[in-house]
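Undergrad: Quick one: this structure, given as C-alpha coordinates, is what I'll be asking you about.
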Amino acid sequence: EKSKMAVDYIRRDGIGYVTINNPSKANILDRQTSNDISEIWKDIWEDPDVRAVILTGTGDRHFCAGHNLDSRPDITPEERERIRAENIFWPLAGTVNGARIGADGRLGDHYPQIWKPVIGAINGWAAGAGFYLMLTSTDIRLASLENARFKFALLTQGWVGSGPGATYLTRQVSHADAMKILLTDEPFDAPEALRMNLINEVVPHEDLIKRAEEIASGIAKMPPLAVRMLKEFVIRFKDIPITEAWRVQTLMNALLTQLSADGEEGRRAFLEKRPPEFTGSILQKGDPYESLTDEERARLDEIRREQLG
(Lines give C-alpha, C1' and ligand atoms only; values in the text may rest on other atoms or scores of the structure.)
Protein backbone atom coordinates (compact mmCIF):
# COMPACT_ATOMS: atom_id res chain seq x y z
CA GLU A 1 0.00 0.00 0.00
CA LYS A 2 2.86 2.35 0.79
CA SER A 3 4.30 2.01 -2.72
CA LYS A 4 0.99 3.17 -4.21
CA MET A 5 1.20 6.48 -2.40
CA ALA A 6 2.28 9.48 -4.42
CA VAL A 7 3.67 11.07 -1.25
CA ASP A 8 6.05 9.37 1.20
CA TYR A 9 5.62 10.05 4.90
CA ILE A 10 7.80 8.87 7.76
CA ARG A 11 8.27 10.00 11.36
CA ARG A 12 11.58 10.00 13.19
CA ASP A 13 12.75 11.73 16.40
CA GLY A 14 9.84 14.15 16.54
CA ILE A 15 10.15 15.11 12.86
CA GLY A 16 7.69 14.28 10.09
CA TYR A 17 9.25 13.84 6.64
CA VAL A 18 6.83 14.55 3.77
CA THR A 19 8.25 13.80 0.32
CA ILE A 20 6.27 14.30 -2.89
CA ASN A 21 7.21 11.18 -4.82
CA ASN A 22 6.01 11.07 -8.41
CA PRO A 23 9.18 12.27 -10.18
CA SER A 24 8.10 10.83 -13.52
CA LYS A 25 5.34 13.48 -13.47
CA ALA A 26 7.67 16.23 -12.15
CA ASN A 27 6.21 15.77 -8.63
CA ILE A 28 3.08 17.65 -9.71
CA LEU A 29 -0.03 17.86 -7.57
CA ASP A 30 -2.24 15.54 -9.55
CA ARG A 31 -5.41 14.19 -7.99
CA GLN A 32 -3.79 11.30 -6.12
CA THR A 33 -0.85 13.39 -4.89
CA SER A 34 -3.19 16.12 -3.66
CA ASN A 35 -5.39 13.60 -1.84
CA ASP A 36 -2.40 11.81 -0.31
CA ILE A 37 -0.72 14.94 1.00
CA SER A 38 -4.02 16.24 2.35
CA GLU A 39 -4.43 13.12 4.49
CA ILE A 40 -0.81 13.37 5.64
CA TRP A 41 -1.31 16.96 6.81
CA LYS A 42 -4.26 15.77 8.91
CA ASP A 43 -2.18 12.96 10.42
CA ILE A 44 0.63 15.37 11.28
CA TRP A 45 -1.76 17.86 12.84
CA GLU A 46 -3.31 15.24 15.12
CA ASP A 47 -0.06 13.43 16.04
CA PRO A 48 1.42 14.78 19.29
CA ASP A 49 4.75 13.06 18.58
CA VAL A 50 5.42 15.18 15.49
CA ARG A 51 6.83 18.56 16.48
CA ALA A 52 8.30 19.76 13.17
CA VAL A 53 7.93 18.84 9.50
CA ILE A 54 10.27 18.72 6.51
CA LEU A 55 8.54 19.05 3.13
CA THR A 56 10.51 18.17 0.00
CA GLY A 57 10.33 16.34 -3.33
CA THR A 58 12.02 13.23 -4.67
CA GLY A 59 15.08 13.70 -6.85
CA ASP A 60 17.12 16.70 -7.93
CA ARG A 61 14.91 18.12 -10.68
CA HIS A 62 11.52 19.02 -9.16
CA PHE A 63 10.23 20.06 -5.76
CA CYS A 64 6.75 20.36 -7.26
CA ALA A 65 6.29 21.55 -10.83
CA GLY A 66 2.62 22.47 -10.69
CA HIS A 67 -0.91 21.22 -10.77
CA ASN A 68 -2.89 18.88 -12.98
CA LEU A 69 -6.30 17.85 -11.74
CA ASP A 70 -7.51 16.07 -14.85
CA SER A 71 -11.23 15.50 -15.16
CA ARG A 72 -12.69 12.06 -15.73
CA PRO A 73 -12.10 10.97 -19.34
CA ASP A 74 -15.81 10.51 -20.02
CA ILE A 75 -16.72 14.16 -19.35
CA THR A 76 -17.66 16.12 -22.47
CA PRO A 77 -16.36 19.67 -23.07
CA GLU A 78 -19.94 20.92 -22.69
CA GLU A 79 -20.31 19.23 -19.30
CA ARG A 80 -16.97 20.60 -18.12
CA GLU A 81 -17.90 24.17 -19.06
CA ARG A 82 -21.30 23.91 -17.39
CA ILE A 83 -19.77 22.55 -14.17
CA ARG A 84 -17.25 25.41 -14.12
CA ALA A 85 -19.99 27.98 -14.59
CA GLU A 86 -22.24 26.48 -11.90
CA ASN A 87 -19.33 26.24 -9.45
CA ILE A 88 -18.99 30.03 -9.53
CA PHE A 89 -22.44 30.44 -8.00
CA TRP A 90 -23.01 27.14 -6.22
CA PRO A 91 -19.71 25.80 -4.86
CA LEU A 92 -20.04 22.43 -3.19
CA ALA A 93 -20.45 22.22 0.56
CA GLY A 94 -17.20 21.41 2.32
CA THR A 95 -15.08 23.37 -0.16
CA VAL A 96 -13.23 26.67 -0.12
CA ASN A 97 -12.44 28.46 -3.41
CA GLY A 98 -12.95 25.26 -5.35
CA ALA A 99 -10.78 23.05 -3.14
CA ARG A 100 -11.85 20.46 -0.60
CA ILE A 101 -11.42 21.48 3.02
CA GLY A 102 -8.46 19.65 4.52
CA ALA A 103 -6.44 20.14 7.69
CA ASP A 104 -6.85 23.92 7.31
CA GLY A 105 -10.38 25.14 6.61
CA ARG A 106 -9.23 28.55 5.37
CA LEU A 107 -7.00 27.43 2.51
CA GLY A 108 -8.41 24.07 1.47
CA ASP A 109 -6.62 20.76 1.14
CA HIS A 110 -3.82 21.77 -1.26
CA TYR A 111 -2.19 24.66 0.60
CA PRO A 112 -2.88 24.23 4.32
CA GLN A 113 -1.19 26.16 7.11
CA ILE A 114 -1.12 23.75 10.03
CA TRP A 115 -0.04 25.16 13.39
CA LYS A 116 3.18 23.13 13.42
CA PRO A 117 6.46 24.39 11.95
CA VAL A 118 7.13 23.26 8.37
CA ILE A 119 10.57 23.50 6.78
CA GLY A 120 10.57 23.52 3.00
CA ALA A 121 13.59 21.82 1.44
CA ILE A 122 13.30 23.07 -2.14
CA ASN A 123 15.24 20.41 -4.05
CA GLY A 124 14.38 21.48 -7.62
CA TRP A 125 11.75 23.39 -9.57
CA ALA A 126 9.04 25.04 -7.48
CA ALA A 127 6.66 26.12 -10.23
CA GLY A 128 2.99 27.01 -10.25
CA ALA A 129 1.26 25.09 -7.49
CA GLY A 130 4.68 24.05 -6.19
CA PHE A 131 5.56 27.72 -5.71
CA TYR A 132 2.24 28.37 -3.97
CA LEU A 133 2.70 25.31 -1.75
CA MET A 134 6.01 26.81 -0.59
CA LEU A 135 4.41 30.21 0.04
CA THR A 136 1.51 28.90 2.09
CA SER A 137 2.52 25.67 3.81
CA THR A 138 6.20 26.27 4.71
CA ASP A 139 7.61 28.57 7.36
CA ILE A 140 11.37 28.18 6.96
CA ARG A 141 12.75 27.60 3.47
CA LEU A 142 16.02 26.10 2.29
CA ALA A 143 16.85 25.79 -1.39
CA SER A 144 19.31 23.64 -3.32
CA LEU A 145 22.08 25.80 -4.75
CA GLU A 146 22.45 23.67 -7.86
CA ASN A 147 18.86 22.65 -8.60
CA ALA A 148 16.24 24.95 -7.06
CA ARG A 149 14.37 27.10 -9.57
CA PHE A 150 11.24 29.18 -9.12
CA LYS A 151 8.52 30.16 -11.60
CA PHE A 152 5.10 31.55 -10.81
CA ALA A 153 3.40 30.35 -14.01
CA LEU A 154 0.28 32.51 -14.05
CA LEU A 155 0.25 35.15 -16.77
CA THR A 156 1.99 32.87 -19.25
CA GLN A 157 -0.96 30.51 -18.76
CA GLY A 158 -3.40 33.34 -19.47
CA TRP A 159 -4.86 33.70 -15.97
CA VAL A 160 -4.24 35.03 -12.46
CA GLY A 161 -4.67 31.64 -10.81
CA SER A 162 -7.17 29.97 -8.51
CA GLY A 163 -4.57 29.03 -5.90
CA PRO A 164 -3.53 31.53 -3.18
CA GLY A 165 -0.13 32.21 -4.77
CA ALA A 166 -0.53 35.84 -5.84
CA THR A 167 -2.29 36.66 -2.58
CA TYR A 168 0.56 35.33 -0.47
CA LEU A 169 3.51 36.44 -2.61
CA THR A 170 2.65 40.13 -2.21
CA ARG A 171 2.67 39.71 1.58
CA GLN A 172 6.04 37.97 1.72
CA VAL A 173 8.40 39.93 -0.56
CA SER A 174 8.72 43.58 -1.55
CA HIS A 175 6.28 45.18 -3.96
CA ALA A 176 8.92 45.55 -6.68
CA ASP A 177 10.05 41.92 -6.43
CA ALA A 178 6.47 40.63 -6.39
CA MET A 179 5.54 42.66 -9.45
CA LYS A 180 8.56 41.48 -11.43
CA ILE A 181 7.79 37.83 -10.59
CA LEU A 182 4.12 38.20 -11.45
CA LEU A 183 4.30 40.43 -14.54
CA THR A 184 7.32 38.91 -16.31
CA ASP A 185 6.76 35.32 -15.13
CA GLU A 186 10.49 34.74 -15.62
CA PRO A 187 12.10 31.85 -13.72
CA PHE A 188 14.80 32.61 -11.15
CA ASP A 189 17.33 30.66 -9.11
CA ALA A 190 18.07 30.10 -5.42
CA PRO A 191 20.50 33.04 -4.92
CA GLU A 192 17.89 35.40 -6.38
CA ALA A 193 15.22 33.92 -4.12
CA LEU A 194 17.55 34.52 -1.16
CA ARG A 195 18.24 38.09 -2.29
CA MET A 196 14.52 38.90 -2.10
CA ASN A 197 14.06 37.08 1.25
CA LEU A 198 11.73 34.52 -0.27
CA ILE A 199 13.88 31.79 1.30
CA ASN A 200 16.16 31.59 4.35
CA GLU A 201 19.23 29.78 3.07
CA VAL A 202 20.88 28.45 -0.08
CA VAL A 203 22.41 25.05 0.65
CA PRO A 204 24.56 22.69 -1.47
CA HIS A 205 22.20 20.02 -2.77
CA GLU A 206 23.96 17.16 -0.98
CA ASP A 207 23.48 18.95 2.38
CA LEU A 208 19.86 20.06 1.87
CA ILE A 209 18.04 17.48 3.99
CA LYS A 210 20.78 17.42 6.62
CA ARG A 211 20.47 21.18 7.10
CA ALA A 212 16.67 20.89 7.24
CA GLU A 213 17.05 18.21 9.93
CA GLU A 214 19.33 20.45 11.98
CA ILE A 215 16.69 23.17 12.07
CA ALA A 216 13.80 20.74 12.61
CA SER A 217 15.64 18.99 15.47
CA GLY A 218 16.16 22.31 17.23
CA ILE A 219 12.49 23.20 16.90
CA ALA A 220 11.46 19.71 18.09
CA LYS A 221 13.15 20.47 21.42
CA MET A 222 11.04 23.61 21.91
CA PRO A 223 7.81 23.59 23.98
CA PRO A 224 5.26 22.21 21.49
CA LEU A 225 2.23 24.09 22.83
CA ALA A 226 4.05 27.42 22.73
CA VAL A 227 5.43 26.69 19.25
CA ARG A 228 1.98 25.84 17.97
CA MET A 229 0.40 28.95 19.50
CA LEU A 230 3.17 31.25 18.30
CA LYS A 231 2.76 30.08 14.70
CA GLU A 232 -1.00 30.46 14.93
CA PHE A 233 -0.61 33.94 16.39
CA VAL A 234 1.68 35.15 13.61
CA ILE A 235 -0.46 33.73 10.80
CA ARG A 236 -3.95 34.33 12.12
CA PHE A 237 -3.54 37.75 13.71
CA LYS A 238 -0.92 39.56 11.59
CA ASP A 239 -3.54 41.59 9.74
CA ILE A 240 -5.45 42.96 12.74
CA PRO A 241 -4.55 46.23 14.53
CA ILE A 242 -1.34 45.93 16.51
CA THR A 243 -2.92 46.67 19.89
CA GLU A 244 -5.52 43.95 19.33
CA ALA A 245 -2.86 41.49 18.16
CA TRP A 246 -0.79 42.21 21.27
CA ARG A 247 -3.85 41.52 23.42
CA VAL A 248 -4.27 38.12 21.75
CA GLN A 249 -0.58 37.40 22.33
CA THR A 250 -0.82 38.17 26.05
CA LEU A 251 -3.91 35.97 26.38
CA MET A 252 -2.06 33.11 24.68
CA ASN A 253 0.88 33.66 27.00
CA ALA A 254 -1.37 33.56 30.06
CA LEU A 255 -2.83 30.24 28.88
CA LEU A 256 0.65 28.78 28.40
CA THR A 257 2.03 29.93 31.73
CA GLN A 258 -1.08 28.96 33.72
CA LEU A 259 -2.26 25.77 31.98
CA SER A 260 0.92 24.27 30.51
CA ALA A 261 3.57 22.35 32.44
CA ASP A 262 6.19 23.62 29.99
CA GLY A 263 5.84 27.18 31.26
CA GLU A 264 6.98 26.12 34.72
CA GLU A 265 9.64 23.79 33.30
CA GLY A 266 11.17 26.62 31.26
CA ARG A 267 11.47 28.87 34.32
CA ARG A 268 12.81 26.07 36.50
CA ALA A 269 15.41 24.99 33.94
CA PHE A 270 16.60 28.60 33.58
CA LEU A 271 17.03 28.99 37.33
CA GLU A 272 18.74 25.59 37.63
CA LYS A 273 21.01 26.36 34.65
CA ARG A 274 20.09 23.17 32.75
CA PRO A 275 18.48 22.41 29.38
CA PRO A 276 14.69 22.29 29.62
CA GLU A 277 12.75 19.08 28.97
CA PHE A 278 9.54 20.18 27.27
CA THR A 279 6.72 17.65 27.12
CA GLY A 280 3.68 19.62 25.98
CA SER A 281 1.77 18.48 29.07
CA ILE A 282 -1.42 20.35 29.99
CA LEU A 283 -2.19 20.94 33.65
CA GLN A 284 -5.31 19.41 35.13
CA LYS A 285 -8.04 21.65 36.40
CA GLY A 286 -7.53 22.28 40.12
CA ASP A 287 -9.55 23.54 43.06
CA PRO A 288 -10.69 27.16 43.06
CA TYR A 289 -8.72 29.73 45.01
CA GLU A 290 -10.04 30.46 48.49
CA SER A 291 -11.62 33.83 49.19
CA LEU A 292 -9.29 36.53 50.48
CA THR A 293 -9.68 38.85 53.44
CA ASP A 294 -9.58 42.57 52.71
CA GLU A 295 -6.00 42.69 54.00
CA GLU A 296 -4.89 39.79 51.79
CA ARG A 297 -6.57 41.31 48.75
CA ALA A 298 -4.90 44.67 49.41
CA ARG A 299 -1.49 42.94 49.63
CA LEU A 300 -1.99 41.13 46.28
CA ASP A 301 -3.21 44.32 44.62
CA GLU A 302 -0.08 46.11 45.84
CA ILE A 303 2.14 43.35 44.44
CA ARG A 304 0.32 43.43 41.07
CA ARG A 305 0.86 47.20 40.79
CA GLU A 306 4.55 46.86 41.63
CA GLN A 307 4.97 44.24 38.88
CA LEU A 308 3.47 46.37 36.09
CA GLY A 309 5.81 46.80 33.16
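Residues in the C-alpha coordinates are numbered from 1 in each chain, the chains being A, B, ... in the order shown, and ligands are numbered from 1 in the order shown.
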Would you list the contacts of region 198-207 of chain A as a list in words, taking every protein, DNA or RNA residue within 7 Å and counting only C-alpha atoms, but skipping same-chain residues closer than 2 positions in sequence?
TA: Ile140, Arg141, Leu142, Ala143, Ser144, Leu145, Glu146, Gln172, Val173, Ala190, Pro191, Ala193, Leu194, Met196, Ile209, Lys210 and Arg211 of chain A
Undergrad: Can you list, as number ranges by chain, every protein, DNA or RNA residue that comes within 7 Å of region 39-54 of chain A when you count only C-alpha atoms, leaving out same-chain residues fewer than 5 positions away?
TA: A: 14-18, 103, 114, 116-121, 212, 216, 219-220, 224
Undergrad: Go ahead and write the selection's residues with all heavy atoms as an mmCIF file, in the first residue's frame.
TA:
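The resulting out-v3.cif:
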data_model
loop_
_atom_site.group_PDB
_atom_site.id
_atom_site.type_symbol
_atom_site.label_atom_id
_atom_site.label_comp_id
_atom_site.auth_asym_id
_atom_site.auth_seq_id
_atom_site.Cartn_x
_atom_site.Cartn_y
_atom_site.Cartn_z
ATOM 1 N N GLY A 14 10.671 12.952 16.431
ATOM 2 C CA GLY A 14 9.844 14.150 16.544
ATOM 3 C C GLY A 14 9.672 14.926 15.259
ATOM 4 O O GLY A 14 9.038 15.985 15.252
ATOM 5 N N ILE A 15 10.221 14.422 14.150
ATOM 6 C CA ILE A 15 10.147 15.112 12.865
ATOM 7 C C ILE A 15 9.319 14.279 11.885
ATOM 8 O O ILE A 15 9.502 13.060 11.800
ATOM 9 C CB ILE A 15 11.550 15.338 12.269
ATOM 10 C CG1 ILE A 15 12.414 16.144 13.240
ATOM 11 C CG2 ILE A 15 11.465 16.050 10.914
ATOM 12 C CD1 ILE A 15 13.877 16.214 12.830
ATOM 13 N N GLY A 16 8.416 14.922 11.160
ATOM 14 C CA GLY A 16 7.688 14.275 10.089
ATOM 15 C C GLY A 16 8.322 14.638 8.751
ATOM 16 O O GLY A 16 8.565 15.819 8.474
ATOM 17 N N TYR A 17 8.630 13.628 7.943
ATOM 18 C CA TYR A 17 9.248 13.836 6.641
ATOM 19 C C TYR A 17 8.189 13.594 5.563
ATOM 20 O O TYR A 17 7.709 12.469 5.409
ATOM 21 C CB TYR A 17 10.411 12.868 6.428
ATOM 22 C CG TYR A 17 11.581 13.050 7.365
ATOM 23 C CD1 TYR A 17 11.536 12.596 8.677
ATOM 24 C CD2 TYR A 17 12.752 13.668 6.928
ATOM 25 C CE1 TYR A 17 12.617 12.747 9.528
ATOM 26 C CE2 TYR A 17 13.840 13.829 7.769
ATOM 27 C CZ TYR A 17 13.768 13.364 9.071
ATOM 28 O OH TYR A 17 14.845 13.513 9.908
ATOM 29 N N VAL A 18 7.837 14.645 4.830
ATOM 30 C CA VAL A 18 6.833 14.553 3.769
ATOM 31 C C VAL A 18 7.547 14.764 2.432
ATOM 32 O O VAL A 18 8.115 15.833 2.194
ATOM 33 C CB VAL A 18 5.723 15.606 3.955
ATOM 34 C CG1 VAL A 18 4.672 15.474 2.853
ATOM 35 C CG2 VAL A 18 5.086 15.483 5.333
ATOM 36 N N ALA A 103 -6.852 19.881 6.317
ATOM 37 C CA ALA A 103 -6.435 20.140 7.694
ATOM 38 C C ALA A 103 -6.646 21.604 8.070
ATOM 39 O O ALA A 103 -6.749 21.940 9.253
ATOM 40 C CB ALA A 103 -4.967 19.755 7.872
ATOM 41 N N ILE A 114 -0.887 24.397 8.746
ATOM 42 C CA ILE A 114 -1.115 23.755 10.032
ATOM 43 C C ILE A 114 -0.298 24.501 11.078
ATOM 44 O O ILE A 114 0.712 25.129 10.766
ATOM 45 C CB ILE A 114 -0.749 22.258 10.005
ATOM 46 C CG1 ILE A 114 0.736 22.067 9.694
ATOM 47 C CG2 ILE A 114 -1.626 21.514 9.000
ATOM 48 C CD1 ILE A 114 1.215 20.648 9.906
ATOM 49 N N LYS A 116 1.906 23.744 13.069
ATOM 50 C CA LYS A 116 3.178 23.127 13.421
ATOM 51 C C LYS A 116 4.211 23.643 12.423
ATOM 52 O O LYS A 116 3.883 23.874 11.250
ATOM 53 C CB LYS A 116 3.094 21.596 13.366
ATOM 54 C CG LYS A 116 2.265 20.991 14.490
ATOM 55 C CD LYS A 116 2.314 19.462 14.467
ATOM 56 C CE LYS A 116 1.493 18.883 15.618
ATOM 57 N NZ LYS A 116 1.566 17.400 15.648
ATOM 58 N N PRO A 117 5.461 23.821 12.851
ATOM 59 C CA PRO A 117 6.464 24.392 11.945
ATOM 60 C C PRO A 117 6.775 23.458 10.780
ATOM 61 O O PRO A 117 6.964 22.248 10.967
ATOM 62 C CB PRO A 117 7.698 24.561 12.840
ATOM 63 C CG PRO A 117 7.184 24.515 14.234
ATOM 64 C CD PRO A 117 5.986 23.625 14.210
ATOM 65 N N VAL A 118 6.831 24.018 9.580
ATOM 66 C CA VAL A 118 7.129 23.261 8.372
ATOM 67 C C VAL A 118 8.344 23.883 7.689
ATOM 68 O O VAL A 118 8.349 25.082 7.388
ATOM 69 C CB VAL A 118 5.933 23.239 7.400
ATOM 70 C CG1 VAL A 118 6.296 22.439 6.145
ATOM 71 C CG2 VAL A 118 4.701 22.655 8.071
ATOM 72 N N ILE A 119 9.361 23.055 7.462
ATOM 73 C CA ILE A 119 10.571 23.497 6.781
ATOM 74 C C ILE A 119 10.504 22.991 5.345
ATOM 75 O O ILE A 119 10.379 21.786 5.109
ATOM 76 C CB ILE A 119 11.821 22.960 7.484
ATOM 77 C CG1 ILE A 119 11.884 23.525 8.903
ATOM 78 C CG2 ILE A 119 13.081 23.316 6.702
ATOM 79 C CD1 ILE A 119 12.733 22.716 9.838
ATOM 80 N N GLY A 120 10.556 23.901 4.402
ATOM 81 C CA GLY A 120 10.567 23.518 2.995
ATOM 82 C C GLY A 120 11.992 23.305 2.526
ATOM 83 O O GLY A 120 12.828 24.209 2.652
ATOM 84 N N ALA A 121 12.290 22.107 2.029
ATOM 85 C CA ALA A 121 13.593 21.819 1.443
ATOM 86 C C ALA A 121 13.394 21.774 -0.068
ATOM 87 O O ALA A 121 13.005 20.748 -0.635
ATOM 88 C CB ALA A 121 14.145 20.493 1.969
ATOM 89 N N ALA A 212 18.066 20.828 6.808
ATOM 90 C CA ALA A 212 16.668 20.888 7.242
ATOM 91 C C ALA A 212 16.484 20.130 8.556
ATOM 92 O O ALA A 212 15.750 20.578 9.448
ATOM 93 C CB ALA A 212 15.747 20.319 6.159
ATOM 94 N N ALA A 216 14.971 21.433 12.084
ATOM 95 C CA ALA A 216 13.798 20.744 12.614
ATOM 96 C C ALA A 216 14.085 20.143 13.987
ATOM 97 O O ALA A 216 13.234 20.186 14.883
ATOM 98 C CB ALA A 216 13.347 19.654 11.637
ATOM 99 N N ILE A 219 13.879 22.825 16.620
ATOM 100 C CA ILE A 219 12.488 23.195 16.896
ATOM 101 C C ILE A 219 11.788 22.101 17.680
ATOM 102 O O ILE A 219 10.966 22.378 18.562
ATOM 103 C CB ILE A 219 11.750 23.492 15.576
ATOM 104 C CG1 ILE A 219 12.312 24.755 14.922
ATOM 105 C CG2 ILE A 219 10.243 23.649 15.817
ATOM 106 C CD1 ILE A 219 11.744 25.040 13.543
ATOM 107 N N ALA A 220 12.120 20.830 17.400
ATOM 108 C CA ALA A 220 11.464 19.714 18.089
ATOM 109 C C ALA A 220 11.761 19.701 19.584
ATOM 110 O O ALA A 220 11.030 19.070 20.355
ATOM 111 C CB ALA A 220 11.897 18.388 17.459
ATOM 112 N N PRO A 224 6.150 22.363 22.656
ATOM 113 C CA PRO A 224 5.259 22.206 21.494
ATOM 114 C C PRO A 224 3.998 23.060 21.558
ATOM 115 O O PRO A 224 3.525 23.529 20.526
ATOM 116 C CB PRO A 224 4.933 20.716 21.484
ATOM 117 C CG PRO A 224 5.263 20.224 22.853
ATOM 118 C CD PRO A 224 6.371 21.087 23.360
#
Undergrad: Restricting the calculation to only C-alpha atoms, which member of A:Gln307, A:Gln113, A:Gln249, A:Thr184 is positioned closest to Ile235 (chain A)?
TA: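 Ranked by minimum distance to Ile235 (chain A), first place goes to A:Gln113.
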Undergrad: Neighbouring residues of region 164-171 of chain A were defined as those with any atom within 9 Å, considering only C-alpha atoms; residues of the same chain fewer than 4 positions away were excluded. Please report them as a PyMOL selection string.
TA: chain A and resi 107+111+128-129+131-133+135-136+152+154+160+175+177-179+182+198
Undergrad: Can you list every residue in region 82-177 of chain A that DSSP puts in alpha helix (DSSP H), as a ChimeraX atom specification?
TA: /A:82-89,129-137,165-169,175-177
Undergrad: I need the residue nearest Phe278 (chain A) from this list: A:Gly161, A:Lys221, A:Glu290, A:Ala254. Use only C-alpha atoms for the distance.
TA: A:Lys221
